[in-house]
Amino acid sequence: MENLIFTNEQKIFTIVGCGGNRGLAHLDMRKQIEAASKKVQLEYMISLPGSYILSYSAFPDVYSKLTTSFSYKKIEQIAKAIQSDSDPISLKTGMFYTASREAELQKNIASYNEVCQGYTISNSCKHCGICAKVCPTQNITLQNGQVSFGENCQQCMAYIQWCPQRAIDYKGKASSRKRYHHINISLKDMTQYNA
Ligand SMILES: Cc1cc2nc3c(=O)[nH]c(=O)nc-3n(C[C@H](O)[C@H](O)[C@H](O)COP(=O)(O)O)c2cc1C
Ligand code: SF4
């Protein structure tokens with residue numbers, strides 16, 4: 001966000017996509033934008049099915065479908081509001097926000113790269129390279145056919161979610177958990193920018 005360039009006559013809006021717990025995200029973004037002497041006019045949240053497989057299984061398909069279809073409706077509403085002259089909307093912290101939980105979360109985020117060094121690849125790996133292709137930070141490479149992790153993991157979990165062999169894990173947490181894929185996103189969509 002520090003690298004964003006704003007023009008003078010720009011309507012500024014922020015949208016947080018999350019699994020329902022937006023935390024401090026809007027406040028953080030507002031702070032960054034105000035630091036550039038600009039003002040956020042509209043703030044929105046879009047709920048999607050949760051995807052953090054190191055903490056929980058993907059939700060049942062029926063819930064994912066429902067949540068995703070609500071998200072499309074919300075996007076339409078947001079687009080209309082942005083195009084109209086609606087009054088400013090300012091969101092507070094999310095419903096489940098507490099300072100202690102936030103501190104715990106920030107501690108977890110700070111340790112993402114350590115977590116990254118703890119991923120394991122089982123013998124079922126077929127060396128297909130899909131994990132490397134879905135990784136948005138090019139943090140996974142195949143070296144002599146072996147999967148290798150770098151030090152820039154953002155924990156998006158795409159590699160665990162999309163490995164066709166369910167070969168990637170972290171301390172056994174994901175082994176029996178249901179994988180999450182957005183209902184309208186295919187493996188081709190996931191890999192087309194990194195192929
Ligand atoms: C590393 C990671 C951290 C997450 N943290 C939160 C969170 O703090 N609050 C929340 O509501 N959802 C959280 N989620 C869930 C995702 O935001 C949500 O599942 C996601 O928006 C799904 O759609 P998307 O990946 O297409 O954006 C997290 C997911 C991941 C992978
Ligand atoms: S996606 Fe799975 S099977 Fe393919 S190389 Fe990565 S770990 Fe191995």
# chains A, B, ... in the order shown; residues from 1 in each chain; ligands from 1
call {"tool": "residues_around", "arguments": {"residues": "Trp162 (chain A)", "least_positions_apart": "2", "cutoff": "12 Å", "atoms": "only C-alpha atoms", "output": "PyMOL selection string"}}
result
chain A and resi 51+53+128-135+156-160+164-169+178-182+185-191
call {"tool": "residues_around", "arguments": {"residues": "Gln117 (chain A)", "least_positions_apart": "2", "cutoff": "8 Å", "atoms": "only C-alpha atoms", "output": "JSON, numbers by chain"}}
result
{"A": [113, 114, 115, 119, 149, 150, 151]}
call {"tool": "write_last_selection", "arguments": {"atoms": "C-alpha atoms", "output": "short mmCIF file (atom, residue, chain, number, x, y, z; two decimals), in the first residue's frame"}}
result
data_model
loop_
_atom_site.label_atom_id
_atom_site.label_comp_id
_atom_site.auth_asym_id
_atom_site.auth_seq_id
_atom_site.Cartn_x
_atom_site.Cartn_y
_atom_site.Cartn_z
CA ASN A 113 8.73 -18.13 7.51
CA GLU A 114 9.63 -20.49 10.33
CA VAL A 115 6.43 -22.42 9.62
CA TYR A 119 6.42 -28.20 5.68
CA PHE A 149 10.60 -24.07 0.08
CA GLY A 150 12.26 -20.64 0.18
CA GLU A 151 11.88 -17.98 2.86
#
call {"tool": "closest_atom_pairs", "arguments": {"of": "chain A", "to": "ligand 1", "cutoff": "7 Å", "atoms": "only C-alpha atoms and all ligand atoms", "output": "tab-separated table"}}
result
residue	atom	partner	partner_atom_place_in_ligand_line	distance
A:Gly17	CA	ligand 1	21 (O)	4.7
A:Cys18	CA	ligand 1	17 (O)	3.5
A:Gly19	CA	ligand 1	11 (O)	3.4
A:Gly20	CA	ligand 1	11 (O)	4.0
A:Asn21	CA	ligand 1	11 (O)	3.3
A:Arg22	CA	ligand 1	11 (O)	5.1
A:Gly23	CA	ligand 1	8 (O)	6.4
A:Ser47	CA	ligand 1	21 (O)	6.8
A:Leu48	CA	ligand 1	22 (C)	4.9
A:Pro49	CA	ligand 1	19 (O)	5.0
A:Gly50	CA	ligand 1	19 (O)	3.2
A:Ser51	CA	ligand 1	19 (O)	3.8
A:Tyr52	CA	ligand 1	31 (C)	4.4
A:Gln154	CA	ligand 1	1 (C)	6.6
A:Gln155	CA	ligand 1	1 (C)	4.6
A:Cys156	CA	ligand 1	31 (C)	4.0
A:Met157	CA	ligand 1	31 (C)	5.4
A:His182	CA	ligand 1	26 (O)	6.5
call {"tool": "select_by_dssp", "arguments": {"residues": "region 90-168 of chain A", "states": "alpha helix (DSSP H)", "output": "number ranges by chain"}}
result
A: 99-110, 112-116, 130-134, 158-162
call {"tool": "atom_distance", "arguments": {"atom1": "CA of Asp28 (chain A)", "atom2": "CA of Glu104 (chain A)"}}
result
16.9 Å
call {"tool": "residues_around", "arguments": {"residues": "Leu24 (chain A)", "least_positions_apart": "2", "cutoff": "9 Å", "atoms": "only C-alpha atoms", "output": "PyMOL selection string"}}
result
chain A and resi 22+26-29+92-94+97+102
call {"tool": "write_last_selection", "arguments": {"atoms": "C-alpha atoms", "output": "compact mmCIF listing (two decimals), in the first residue's frame"}}
result
# COMPACT_ATOMS: atom_id res chain seq x y z
CA ARG A 22 -11.87 -8.74 9.30
CA HIS A 26 -9.72 -1.47 7.40
CA LEU A 27 -8.06 0.60 10.09
CA ASP A 28 -4.62 -0.42 8.88
CA MET A 29 -5.45 0.51 5.30
CA LYS A 92 -14.88 -0.44 12.79
CA THR A 93 -12.90 -3.51 13.82
CA GLY A 94 -14.54 -6.85 13.09
CA TYR A 97 -11.72 -8.56 17.26
CA GLU A 102 -4.72 -9.54 17.43
call {"tool": "select_by_dssp", "arguments": {"residues": "region 112-172 of chain A", "states": "strand (DSSP E)", "output": "count of residues only"}}
result
14
call {"tool": "atom_distance", "arguments": {"atom1": "atom 7 (S, counted along the ligand's line) of ligand 2", "atom2": "CA of Cys125 (chain A)"}}
result
5.0 Å
